[in-house]
>>> print(open('query.cif').read())   # mmCIF, C-alpha atoms
data_start
#
loop_
_atom_site.label_atom_id
_atom_site.label_comp_id
_atom_site.auth_asym_id
_atom_site.auth_seq_id
_atom_site.Cartn_x
_atom_site.Cartn_y
_atom_site.Cartn_z
CA MET V 557 11.28 -10.03 -21.03
CA PHE V 558 9.68 -10.17 -17.62
CA GLU V 559 6.20 -9.98 -16.24
CA VAL V 560 5.83 -7.22 -13.70
CA GLY V 561 6.11 -8.92 -10.34
CA LEU V 562 7.96 -11.67 -8.56
CA LEU V 563 7.78 -15.04 -10.26
CA ASN V 564 5.42 -14.21 -13.08
CA GLN V 565 3.22 -11.67 -11.37
CA LEU V 566 0.65 -9.63 -13.12
CA TRP V 567 0.03 -5.97 -13.50
CA ARG V 568 -3.48 -5.37 -12.28
CA ARG V 569 -5.91 -2.54 -12.89
CA LEU V 570 -7.71 -2.08 -9.61
CA ARG V 571 -9.35 0.69 -7.64
CA GLU V 572 -6.85 2.56 -5.49
CA GLU V 573 -8.98 3.60 -2.55
CA GLU V 574 -6.57 5.94 -0.81
CA CYS V 575 -5.57 8.06 -3.78
CA GLY V 576 -8.54 7.60 -6.10
CA PHE V 577 -6.14 5.96 -8.53
CA SER V 578 -7.31 2.98 -10.51
CA LEU V 579 -4.12 0.95 -10.54
CA ARG V 580 -2.78 -1.39 -7.94
CA LEU V 581 0.02 -3.90 -8.10
CA ILE V 582 -0.86 -7.26 -6.65
CA ILE V 583 1.18 -10.42 -6.62
CA VAL V 584 -0.79 -13.22 -8.04
CA VAL V 585 0.72 -16.22 -6.43
CA ALA V 586 -2.38 -15.57 -4.64
CA VAL V 587 -5.12 -17.06 -3.12
CA ALA V 588 -7.65 -16.92 -5.93
CA LEU V 589 -5.61 -19.48 -7.86
CA SER V 590 -5.97 -22.02 -5.08
CA CYS V 591 -9.60 -21.45 -4.20
CA ALA V 592 -10.46 -25.10 -4.66
CA ALA V 593 -8.36 -25.84 -1.59
CA CYS V 594 -9.71 -22.97 0.51
CA LYS V 595 -11.27 -23.52 3.90
CA PRO V 596 -14.38 -21.74 5.18
CA ALA V 597 -13.73 -18.25 6.48
CA GLY V 598 -12.57 -18.20 10.07
CA GLU V 599 -11.61 -21.86 10.14
CA ALA V 600 -8.04 -22.54 11.15
CA SER V 601 -6.72 -25.62 9.45
CA ASN V 602 -3.39 -27.37 9.14
CA ASP V 603 -4.70 -30.59 7.66
CA LEU V 604 -2.02 -30.75 4.96
CA SER V 605 0.84 -29.60 7.17
CA PRO V 606 3.28 -32.18 8.49
CA GLY V 607 2.45 -32.02 12.17
CA ALA V 608 3.46 -34.35 14.95
CA GLY V 609 0.36 -36.45 14.42
CA ASP V 610 1.44 -37.28 10.87
CA VAL V 611 4.42 -39.39 11.92
CA ALA V 612 3.53 -42.96 11.21
CA ILE V 613 4.50 -45.18 14.13
CA LYS V 614 6.42 -47.65 12.08
CA ASN V 615 9.34 -49.76 13.14
CA ALA V 616 12.38 -48.82 11.07
CA GLY V 617 14.33 -51.83 12.32
CA LEU V 618 16.21 -49.59 14.75
CA SER V 619 16.45 -49.98 18.49
CA ALA V 620 14.63 -47.56 20.78
CA GLU V 621 18.02 -46.27 21.94
CA VAL V 622 19.16 -45.47 18.40
CA GLU V 623 15.87 -43.79 17.56
CA GLU V 624 16.17 -41.63 20.67
CA GLU V 625 19.71 -40.63 19.63
CA ILE V 626 18.37 -39.65 16.19
CA GLN V 627 15.59 -37.54 17.69
CA VAL V 628 18.02 -35.73 20.00
CA PHE V 629 20.55 -35.13 17.24
CA CYS V 630 18.09 -34.02 14.56
CA GLY V 631 15.91 -31.92 16.88
CA ASP V 632 18.53 -30.03 18.87
CA CYS V 633 18.74 -26.65 17.11
CA HIS V 634 15.26 -26.67 15.53
CA ARG V 635 12.10 -28.72 15.59
CA MET V 636 12.56 -32.41 14.94
CA PRO V 637 12.01 -32.87 11.18
CA ASN V 638 8.82 -34.70 10.42
CA PRO V 639 9.11 -37.66 8.02
CA ALA V 640 5.91 -36.48 6.32
CA SER V 641 7.64 -33.28 5.13
CA PHE V 642 9.38 -35.10 2.23
CA PRO V 643 8.60 -38.16 0.10
CA LYS V 644 10.77 -41.25 0.49
CA SER V 645 12.82 -40.42 -2.60
CA ALA V 646 14.06 -37.12 -1.14
CA TRP V 647 15.04 -38.14 2.36
CA ARG V 648 18.54 -39.52 1.75
CA ASP V 649 19.64 -36.21 0.22
CA GLU V 650 17.98 -34.32 3.06
CA VAL V 651 19.77 -36.41 5.67
CA ARG V 652 23.09 -35.91 3.89
CA ARG V 653 22.57 -32.15 3.89
CA GLY V 654 21.59 -32.21 7.55
CA PHE V 655 24.87 -33.87 8.45
CA GLU V 656 26.73 -31.28 6.36
CA PHE V 657 24.99 -28.49 8.30
CA TYR V 658 26.16 -29.98 11.59
CA TYR V 659 29.76 -30.47 10.47
CA THR V 660 30.05 -26.95 9.06
CA SER V 661 28.57 -25.48 12.27
CA ALA V 662 31.78 -26.47 14.10
CA ARG V 663 29.68 -27.99 16.89
CA ASN V 664 30.92 -31.15 18.59
CA ASP V 665 28.62 -31.37 21.60
CA LEU V 666 26.14 -33.93 20.27
CA LYS V 667 26.40 -37.68 19.95
CA ILE V 668 26.32 -38.32 16.20
CA PRO V 669 24.24 -41.30 15.06
CA LYS V 670 25.09 -43.26 11.94
CA GLN V 671 23.96 -41.42 8.81
CA SER V 672 22.54 -44.66 7.39
CA ASP V 673 20.42 -45.15 10.53
CA VAL V 674 19.09 -41.58 10.28
CA ALA V 675 18.19 -42.12 6.62
CA GLN V 676 16.44 -45.38 7.49
CA TYR V 677 14.50 -43.68 10.28
CA PHE V 678 13.02 -41.03 7.96
CA VAL V 679 12.61 -43.10 4.78
CA SER V 680 10.68 -45.84 6.59
CA ARG V 681 8.16 -43.29 7.89
CA ALA V 682 7.88 -41.00 4.86
CA PRO V 683 5.06 -41.08 2.29
CA GLU V 684 5.78 -42.67 -1.06
CA ARG V 685 4.95 -39.43 -2.89
CA PHE V 686 3.12 -36.14 -2.54
CA ASP V 687 -0.26 -35.71 -4.16
CA ALA V 688 -0.91 -31.99 -4.51
CA LYS V 689 -4.46 -30.74 -4.50
CA LYS V 690 -5.71 -29.70 -7.91
CA ALA V 691 -7.12 -26.19 -8.07
CA GLU V 692 -10.20 -25.49 -10.13
CA PRO V 693 -9.47 -23.13 -13.04
CA LEU V 694 -10.76 -19.58 -12.81
CA SER V 695 -13.58 -18.63 -15.14
CA ASP V 696 -12.77 -16.87 -18.40
CA GLU V 697 -15.24 -14.16 -17.43
CA TRP V 698 -13.35 -13.41 -14.23
CA LEU V 699 -9.96 -13.43 -15.94
CA ALA V 700 -11.24 -11.11 -18.69
CA ARG V 701 -11.44 -8.31 -16.10
CA PHE V 702 -7.65 -8.14 -15.94
CA GLU V 703 -4.93 -7.23 -18.37
CA LYS V 704 -1.33 -8.37 -18.29
CA GLN V 705 1.35 -5.92 -19.36
CA GLU V 706 4.95 -6.93 -19.98
CA LEU V 707 8.02 -4.74 -19.70
CA SER V 708 11.47 -5.43 -21.09
CA ILE V 709 14.77 -4.43 -19.53
CA PRO V 710 17.10 -3.34 -22.34
CA ASP V 711 20.08 -5.66 -22.87
CA VAL V 712 18.92 -8.12 -20.19
CA SER V 713 17.99 -11.45 -21.76
CA SER V 714 17.54 -13.47 -18.55
CA PRO V 715 16.10 -11.18 -15.88
CA ALA V 716 15.72 -12.18 -12.24
CA THR V 717 13.19 -9.78 -10.73
CA SER V 718 13.64 -9.62 -6.96
CA HIS V 719 11.39 -6.74 -5.86
CA VAL V 720 8.35 -4.94 -7.27
CA ALA V 721 6.34 -2.13 -5.68
CA VAL V 722 4.12 0.79 -6.64
CA VAL V 723 5.69 3.95 -5.18
CA ASP V 724 5.48 7.73 -5.37
CA LEU V 725 8.92 9.31 -5.75
CA GLY V 726 7.59 12.85 -6.04
CA LEU V 727 8.11 15.22 -8.93
CA PRO V 728 9.40 14.88 -11.55
CA LEU V 729 9.12 11.06 -11.50
CA GLY V 730 5.78 10.81 -9.72
CA ARG V 731 3.91 7.57 -9.20
CA GLY V 732 5.14 4.37 -10.79
CA ILE V 733 6.63 0.92 -10.41
CA VAL V 734 10.06 0.42 -8.91
CA PHE V 735 11.72 -2.96 -9.34
CA SER V 736 15.13 -4.56 -9.02
CA ASP V 737 16.96 -7.31 -10.88
CA MET V 738 19.14 -9.46 -8.65
CA ALA V 739 21.15 -10.87 -11.56
CA ALA V 740 21.79 -7.84 -13.77
CA GLY V 741 21.95 -5.56 -10.71
CA GLY V 742 19.77 -2.69 -11.87
CA VAL V 743 17.09 -0.77 -9.96
CA TYR V 744 14.46 0.59 -12.36
CA PHE V 745 11.41 2.85 -12.42
CA SER V 746 8.43 2.83 -14.79
CA GLU V 747 5.96 5.70 -14.59
CA ILE V 748 2.26 4.92 -14.31
CA THR V 749 0.67 6.89 -17.13
CA THR V 750 -2.65 8.71 -17.23
CA GLN V 751 -3.96 5.70 -19.19
CA HIS V 752 -3.33 3.60 -16.05
CA ARG V 753 -0.52 1.64 -17.66
CA ALA V 754 3.16 1.27 -16.95
CA SER V 755 5.32 3.31 -19.28
CA ASP V 756 7.50 1.28 -21.65
CA LYS V 757 10.26 3.80 -20.99
CA LEU V 758 12.31 2.50 -18.07
CA ILE V 759 14.45 4.82 -15.97
CA LYS V 760 17.49 3.23 -14.36
CA LEU V 761 17.83 4.61 -10.83
CA GLY V 762 20.95 2.74 -9.77
CA GLN V 763 23.34 -0.11 -10.50
CA LEU V 764 24.33 -2.59 -7.80
CA SER V 765 25.52 -6.19 -7.89
CA ASN V 766 22.59 -8.24 -6.60
CA PRO V 767 19.82 -6.01 -5.23
CA ALA V 768 16.87 -7.55 -3.41
CA GLY V 769 14.36 -5.42 -1.48
CA VAL V 770 13.95 -1.68 -2.19
CA HIS V 771 12.51 0.66 0.46
CA VAL V 772 11.35 4.23 -0.15
CA VAL V 773 12.20 6.77 2.58
CA ASP V 774 13.53 10.33 2.79
CA ILE V 775 16.76 9.13 4.37
CA ASN V 776 18.52 12.52 4.51
CA GLU V 777 15.32 14.43 5.40
CA ASP V 778 15.61 16.97 2.60
CA GLY V 779 12.02 16.61 1.43
CA LEU V 780 12.86 14.25 -1.48
CA GLN V 781 12.11 10.55 -1.53
CA ASP V 782 15.19 8.32 -1.59
CA LEU V 783 15.62 4.56 -1.93
CA VAL V 784 17.35 2.19 0.45
CA VAL V 785 18.40 -1.04 -1.26
CA ALA V 786 19.17 -4.42 0.29
CA GLU V 787 22.27 -5.74 -1.51
CA LEU V 788 22.69 -9.52 -1.42
CA GLY V 789 26.29 -9.57 -2.63
CA SER V 790 25.74 -12.80 -4.58
CA PHE V 791 23.06 -14.28 -6.80
CA LEU V 792 23.24 -17.76 -5.27
CA PRO V 793 23.08 -18.38 -1.52
CA GLU V 794 26.50 -18.23 0.10
CA ASP V 795 28.08 -17.35 3.42
CA HIS V 796 30.17 -14.24 2.77
CA GLN V 797 30.61 -10.62 3.81
CA ARG V 798 29.65 -8.94 0.52
CA GLY V 799 26.20 -7.83 1.60
CA LYS V 800 25.44 -4.11 1.88
CA VAL V 801 22.77 -1.56 2.64
CA VAL V 802 22.92 1.07 -0.09
CA ALA V 803 21.11 4.39 -0.25
CA LEU V 804 20.10 5.94 -3.58
CA ILE V 805 19.85 9.62 -2.64
CA GLN V 806 17.68 11.80 -4.85
CA SER V 807 19.61 14.86 -5.98
CA LYS V 808 18.40 18.22 -4.69
CA GLU V 809 19.96 19.94 -7.68
CA GLU V 810 18.60 17.45 -10.23
CA PRO V 811 15.44 15.84 -8.83
CA GLY V 812 14.73 12.52 -10.50
CA THR V 813 18.41 11.50 -10.48
CA PHE V 814 20.01 9.49 -7.69
CA GLN V 815 23.46 9.27 -6.14
CA GLN V 816 24.62 6.00 -4.62
CA HIS V 817 26.00 5.80 -1.06
CA VAL V 818 26.91 2.70 0.96
CA LEU V 819 25.52 2.90 4.50
CA ILE V 820 27.02 -0.38 5.72
CA GLU V 821 29.02 -3.16 4.06
CA GLY V 822 30.98 -6.24 5.06
CA ILE V 823 27.87 -8.13 6.14
CA GLY V 824 25.93 -11.19 4.95
CA ARG V 825 23.29 -11.28 2.22
CA VAL V 826 20.66 -8.59 2.89
CA ALA V 827 17.07 -9.42 1.92
CA SER V 828 15.09 -6.32 2.93
CA VAL V 829 15.23 -3.01 4.81
CA GLU V 830 12.56 -1.04 6.68
CA SER V 831 12.67 2.37 8.38
CA ALA V 832 11.27 3.97 11.53
CA ASP V 833 12.37 6.16 14.43
CA PHE V 834 12.62 3.25 16.86
CA ASN V 835 13.92 5.23 19.86
CA GLN V 836 11.89 8.39 19.13
CA ASP V 837 14.95 10.65 19.05
CA GLY V 838 13.79 12.44 15.91
CA LEU V 839 16.16 10.53 13.61
CA THR V 840 15.12 7.81 11.15
CA ASP V 841 16.67 4.40 11.85
CA LEU V 842 16.89 1.42 9.48
CA LEU V 843 15.81 -2.14 10.29
CA VAL V 844 17.79 -4.70 8.29
CA ALA V 845 16.95 -8.31 7.43
CA GLU V 846 20.41 -9.80 6.92
CA PHE V 847 19.33 -13.16 5.56
CA GLY V 848 22.87 -14.55 5.28
CA TRP V 849 22.81 -18.29 4.72
CA ARG V 850 24.07 -21.04 7.03
CA THR V 851 26.60 -19.32 9.32
CA THR V 852 25.94 -15.65 8.56
CA GLY V 853 22.87 -13.51 9.03
CA SER V 854 20.94 -11.58 11.69
CA VAL V 855 18.32 -8.89 12.27
CA PHE V 856 19.85 -5.56 13.19
CA ILE V 857 19.05 -1.88 13.46
CA LEU V 858 21.19 0.84 11.91
CA ARG V 859 20.61 3.63 14.41
CA ARG V 860 21.18 7.03 12.95
CA GLU V 861 23.25 9.32 15.14
CA LYS V 862 23.60 13.07 14.92
CA SER V 863 26.33 13.96 12.46
CA ASP V 864 27.45 16.72 10.15
CA SER V 865 27.44 14.23 7.28
CA PRO V 866 24.42 14.71 4.97
CA PHE V 867 23.99 10.93 4.89
CA GLY V 868 24.26 10.45 8.62
CA SER V 869 26.40 8.40 10.96
CA TRP V 870 25.10 4.88 11.56
CA LYS V 871 25.59 2.47 14.46
CA LYS V 872 24.80 -1.23 14.03
CA GLU V 873 22.84 -2.88 16.85
CA THR V 874 21.96 -6.58 16.61
CA ILE V 875 18.39 -7.45 17.61
CA ASP V 876 18.28 -11.14 16.67
CA PRO V 877 21.37 -13.26 15.83
CA ARG V 878 19.45 -15.88 13.83
CA GLN V 879 20.06 -16.21 10.10
CA GLY V 880 17.24 -16.41 7.55
CA ALA V 881 15.40 -13.10 8.06
CA ILE V 882 13.18 -12.27 5.05
CA HIS V 883 10.72 -9.49 5.92
CA LEU V 884 10.46 -7.14 8.92
CA PRO V 885 7.33 -4.97 8.43
CA VAL V 886 6.94 -2.19 10.99
CA TYR V 887 3.80 -1.23 12.95
CA ASP V 888 2.97 -0.02 16.47
CA PHE V 889 1.00 -3.06 17.62
CA ASN V 890 0.46 -2.03 21.25
CA ASN V 891 -0.17 1.68 20.55
CA ASP V 892 2.54 2.89 22.94
CA GLY V 893 4.08 5.30 20.42
CA PHE V 894 7.13 3.12 19.71
CA PRO V 895 7.37 1.25 16.39
CA ASP V 896 7.27 -2.54 16.70
CA PHE V 897 7.87 -5.03 13.90
CA VAL V 898 7.02 -8.56 12.79
CA SER V 899 9.95 -10.81 11.99
CA LEU V 900 9.80 -13.70 9.52
CA ILE V 901 12.80 -15.98 10.02
CA SER V 902 13.15 -18.85 7.55
CA GLN V 903 15.97 -21.39 7.05
CA HIS V 904 15.59 -24.10 9.70
CA HIS V 905 13.96 -21.75 12.21
CA GLU V 906 10.67 -21.16 10.32
CA LYS V 907 9.43 -18.65 12.91
CA LEU V 908 7.03 -15.72 12.83
CA ASP V 909 7.62 -13.38 15.78
CA LEU V 910 6.14 -10.11 16.99
CA MET V 911 8.94 -7.85 18.26
CA LEU V 912 7.60 -5.27 20.75
CA ASN V 913 9.71 -2.16 21.21
CA ASP V 914 10.21 -1.01 24.81
CA GLY V 915 11.49 2.37 23.65
CA GLN V 916 14.82 1.85 25.42
CA GLY V 917 16.57 -0.11 22.67
CA ALA V 918 15.28 -3.58 23.56
CA PHE V 919 12.55 -5.70 21.96
CA LYS V 920 10.28 -8.27 23.58
CA ARG V 921 9.78 -11.32 21.38
CA VAL V 922 6.28 -12.78 21.18
CA SER V 923 5.92 -15.98 19.18
CA VAL V 924 3.12 -15.77 16.63
CA TYR V 925 3.80 -19.02 14.79
CA GLU V 926 6.39 -21.78 14.59
CA ALA V 927 6.09 -24.00 11.54
CA PRO V 928 5.64 -27.73 12.20
CA CYS V 929 8.89 -28.67 10.44
CA PRO V 930 12.24 -26.97 9.67
CA SER V 931 11.71 -27.26 5.90
CA TYR V 932 8.35 -25.49 5.79
CA GLY V 933 9.50 -22.96 3.18
CA SER V 934 8.46 -19.62 4.71
CA SER V 935 8.62 -17.08 1.89
CA GLY V 936 6.92 -13.81 2.82
CA ILE V 937 4.61 -11.74 5.03
CA LYS V 938 2.48 -8.63 4.65
CA LEU V 939 0.67 -6.59 7.31
CA ILE V 940 -2.97 -5.70 6.67
CA ASP V 941 -6.21 -5.50 8.67
CA VAL V 942 -7.86 -8.43 6.91
CA ASN V 943 -11.18 -8.43 8.76
CA LYS V 944 -11.41 -4.64 9.26
CA ASP V 945 -11.69 -4.86 13.05
CA GLY V 946 -9.09 -2.16 13.70
CA ARG V 947 -6.27 -4.59 14.55
CA MET V 948 -3.35 -5.29 12.25
CA ASP V 949 -3.20 -8.88 10.97
CA ILE V 950 -0.46 -10.80 9.16
CA VAL V 951 -0.69 -12.50 5.74
CA TYR V 952 1.91 -15.28 5.41
CA SER V 953 3.09 -17.53 2.59
CA ASN V 954 5.26 -20.65 2.57
CA GLY V 955 6.43 -22.12 -0.72
CA ASP V 956 10.22 -21.88 -0.88
CA SER V 957 11.38 -24.92 -2.84
CA PHE V 958 14.89 -23.85 -3.79
CA ASP V 959 16.62 -25.95 -1.13
CA SER V 960 15.10 -29.29 -2.09
CA PHE V 961 13.21 -28.58 -5.33
CA VAL V 962 10.24 -30.52 -3.97
CA LEU V 963 6.78 -29.00 -4.38
CA LYS V 964 4.88 -29.72 -1.21
CA PRO V 965 1.12 -30.02 -0.72
CA PHE V 966 1.28 -27.98 2.51
CA HIS V 967 2.71 -24.92 0.72
CA GLY V 968 0.17 -22.11 0.68
CA VAL V 969 -1.15 -18.92 2.23
CA LYS V 970 -2.31 -18.25 5.79
CA TRP V 971 -3.42 -15.21 7.67
CA PHE V 972 -2.93 -14.65 11.37
CA GLU V 973 -5.79 -12.81 13.01
CA ASN V 974 -4.78 -10.32 15.68
CA VAL V 975 -7.27 -10.85 18.51
CA GLY V 976 -5.49 -8.52 20.95
CA ASP V 977 -3.35 -9.10 24.04
CA GLU V 978 -0.42 -10.20 21.84
CA LYS V 979 -2.39 -13.20 20.58
CA PHE V 980 -3.02 -14.34 16.99
CA ILE V 981 -5.27 -17.04 15.50
CA GLU V 982 -4.08 -18.98 12.45
CA HIS V 983 -6.35 -19.27 9.39
CA GLN V 984 -5.43 -21.35 6.33
CA VAL V 985 -6.54 -19.50 3.20
CA GLY V 986 -5.50 -21.97 0.54
CA TYR V 987 -2.79 -24.30 -0.70
CA LEU V 988 -0.46 -23.51 -3.59
CA PRO V 989 2.84 -25.41 -3.98
CA GLY V 990 5.74 -23.06 -4.66
CA VAL V 991 3.95 -19.86 -3.57
CA HIS V 992 6.50 -17.08 -3.19
CA ARG V 993 4.50 -14.12 -1.95
CA ALA V 994 0.88 -13.19 -1.35
CA LEU V 995 -0.10 -9.54 -1.26
CA PRO V 996 -3.72 -8.71 -0.44
CA GLY V 997 -5.87 -6.57 -2.70
CA ASP V 998 -9.57 -6.06 -3.42
CA LEU V 999 -10.00 -7.98 -6.68
#
>>> encode(input="query.cif", output="structure tokens")
Amino acid sequence: MFEVGLLNQLWRRLREEECGFSLRLIIVVAVALSCAACKPAGEASNDLSPGAGDVAIKNAGLSAEVEEEIQVFCGDCHRMPNPASFPKSAWRDEVRRGFEFYYTSARNDLKIPKQSDVAQYFVSRAPERFDAKKAEPLSDEWLARFEKQELSIPDVSSPATSHVAVVDLGLPLGRGIVFSDMAAGGVYFSEITTQHRASDKLIKLGQLSNPAGVHVVDINEDGLQDLVVAELGSFLPEDHQRGKVVALIQSKEEPGTFQQHVLIEGIGRVASVESADFNQDGLTDLLVAEFGWRTTGSVFILRREKSDSPFGSWKKETIDPRQGAIHLPVYDFNNDGFPDFVSLISQHHEKLDLMLNDGQGAFKRVSVYEAPCPSYGSSGIKLIDVNKDGRMDIVYSNGDSFDSFVLKPFHGVKWFENVGDEKFIEHQVGYLPGVHRALPGDL
């Protein structure tokens, strides 16, 4: 049994403005649940985030020389970790893992301090514990406006839903919910009925190993909507070459059925895929978030080249060699006719970048946000014009706790206001430890 959505999301009946349809899917890790921690509209706030000012100046019994060595070693490939980002009880494990990361990187160019000194440095400065803000419960009257509907995947007792979206696949399937299960491997579709409910009859569109994101696009340009699936290649995080980008091509002869074709394989774990004609040559390209893990991963474009093959010939072109890419939503931010995209890179990078397309195959990187510590837990982004000023903004969540299993009081939801000239202003919406994704909707 699963609840429609990532991590216990709800199926919401809402007004669909564009199509006059009264259903919308919204992920409820949302902001309404943390309203007690919300800041006034327009006020940027990081008061719970572990910034540089949160480091207690406390003597750890180490010499100034040793402390400088620790800061150089621990802050070389990412921001220096802030002691306030974990409680005292977690720091020894975090330090141990940090040393493992360095040894497995095959680097030998840094002077390595004693692990015990590094642990002492962070433990002595860390808080005893985290006290998460308590959110006020929502009123029964407000909750009564919504209805939760559950769907069951036949023969799957322990589902692991990895993607949910409302899509329109055209006749005969029509409008419905597409979702994937990263453990059982299936990609499913549930029709939205005239009663504004999801049909209990699930249609299995494809079977992979560990699918993550699913993107709808007419990949072979035959007038039928297809699906492009990000294949992780493993349920648990690993460095391997079993990732894939797989197309589920809707049959021209039997619309509503899909044939599976691998577009690229032998890569790291793939989290999501987007599409656009990035070089304006009339052919649809694919933008791939190859999350990877520690030593694998990148952001790359699969450029479609002219070919007699009905599924195209694809050339891989790396845009960003960093691992940890989660989402890469596409939008023409500078209105020059060439699709740009926003890149969310997690792992130890914790970066939100605007990637501006020059139309010649290169992208200019503009930093939107760099989290104050390398364990910030970036988990998702969504593009939307929040304040209806005609400029596309970014909704961002950080709540990934699967590396350390520590719920942090600075987990939550932000939005970045696009004020023009490649500049964004940060606004903290609310705090919610463990938040996985926040999708905006008019509740």
>>> resolve_selection(input="query.cif", expression="the PyMOL selection byres ((chain V and resi 803-812) around 6)", output="list in words")
Pro728, Leu729, Asp782, Leu783, Val784, Val802, Thr813, Phe814, Gln815, Gln816 and His817 of chain V
>>> residues_around(input="query.cif", residues="Arg731 in chain V", least_positions_apart="2", cutoff="9 Å", atoms="all atoms listed in the file", output="MDAnalysis selection string")
chainID V and resid 722:727 729 733 746:749
>>> resolve_selection(input="query.cif", expression="the PyMOL selection byres ((chain V and resi 976) around 12)", output="list in words")
Phe889, Asn890, Asn891, Asp945, Gly946, Arg947, Met948, Asp949, Phe972, Glu973, Asn974, Val975, Asp977, Glu978, Lys979, Phe980 and Ile981 of chain V
>>> closest_residue(input="query.cif", among="V:Lys644, V:His719, V:Lys670, V:Lys907", to="Glu684 in chain V", atoms="all atoms listed in the file")
V:Lys644
>>> residues_around(input="query.cif", residues="range 852-861 of chain V", least_positions_apart="2", cutoff="9 Å", atoms="only C-alpha atoms", output="PyMOL selection string")
chain V and resi 794-797+819-820+823-826+833-835+839-850+863+868-881+884+899
>>> residues_around(input="query.cif", residues="range 991-993 of chain V", least_positions_apart="3", cutoff="6 Å", atoms="only C-alpha atoms", output="list in words")
Val585, Ser935, Gly936, Ser953, Gly955 and Leu988 of chain V
>>> closest_residue(input="query.cif", among="V:Gly968, V:Gly617, V:Gly741, V:Pro895", to="Asp914 in chain V", atoms="only C-alpha atoms")
V:Pro895
>>> residues_around(input="query.cif", residues="Ala716 in chain V", least_positions_apart="3", cutoff="6 Å", atoms="all atoms listed in the file", output="ChimeraX atom specification")
/V:737-739
>>> resolve_selection(input="query.cif", expression="the PyMOL selection byres ((chain V and resi 676) around 10)", output="list in words")
Ala616, Gly617, Leu618, Lys644, Trp647, Arg648, Val651, Lys670, Gln671, Ser672, Asp673, Val674, Ala675, Tyr677, Phe678, Val679, Ser680, Arg681 and Ala682 of chain V
>>> residues_around(input="query.cif", residues="range 742-745 of chain V", least_positions_apart="4", cutoff="8 Å", atoms="all atoms listed in the file", output="list in words")
Gly732, Ile733, Val734, Phe735, Ser736, Asp737, Met738, Leu758, Ile759, Lys760, Leu761, Gly762, Gln763, Leu764, Ser765 and Pro767 of chain V
>>> atom_distance(input="query.cif", atom1="CA of Gln984 in chain V", atom2="CA of Val770 in chain V")
28.9 Å
>>> closest_residue(input="query.cif", among="V:Asp696, V:Glu625, V:Asp941, V:Glu906", to="Cys929 in chain V", atoms="only C-alpha atoms")
V:Glu906
>>> closest_residue(input="query.cif", among="V:Glu830, V:Gly997, V:Pro669, V:His904", to="Pro637 in chain V", atoms="all atoms listed in the file")
V:His904
>>> atom_distance(input="query.cif", atom1="CA of Tyr658 in chain V", atom2="CA of Ala786 in chain V")
28.8 Å
>>> atom_distance(input="query.cif", atom1="CA of Val922 in chain V", atom2="CA of Leu908 in chain V")
8.9 Å
>>> axis_aligned_box(input="query.cif", around="range 644-661 of chain V", padding_each_side="3 Å", output="lines of an AutoDock Vina configuration file")
center_x = 20.4
center_y = -33.4
center_z = 4.8
size_x = 25.3
size_y = 21.8
size_z = 20.9
>>> closest_residue(input="query.cif", among="V:Asp837, V:Ala754, V:Val898, V:Asp665", to="Lys862 in chain V", atoms="all atoms listed in the file")
V:Asp837
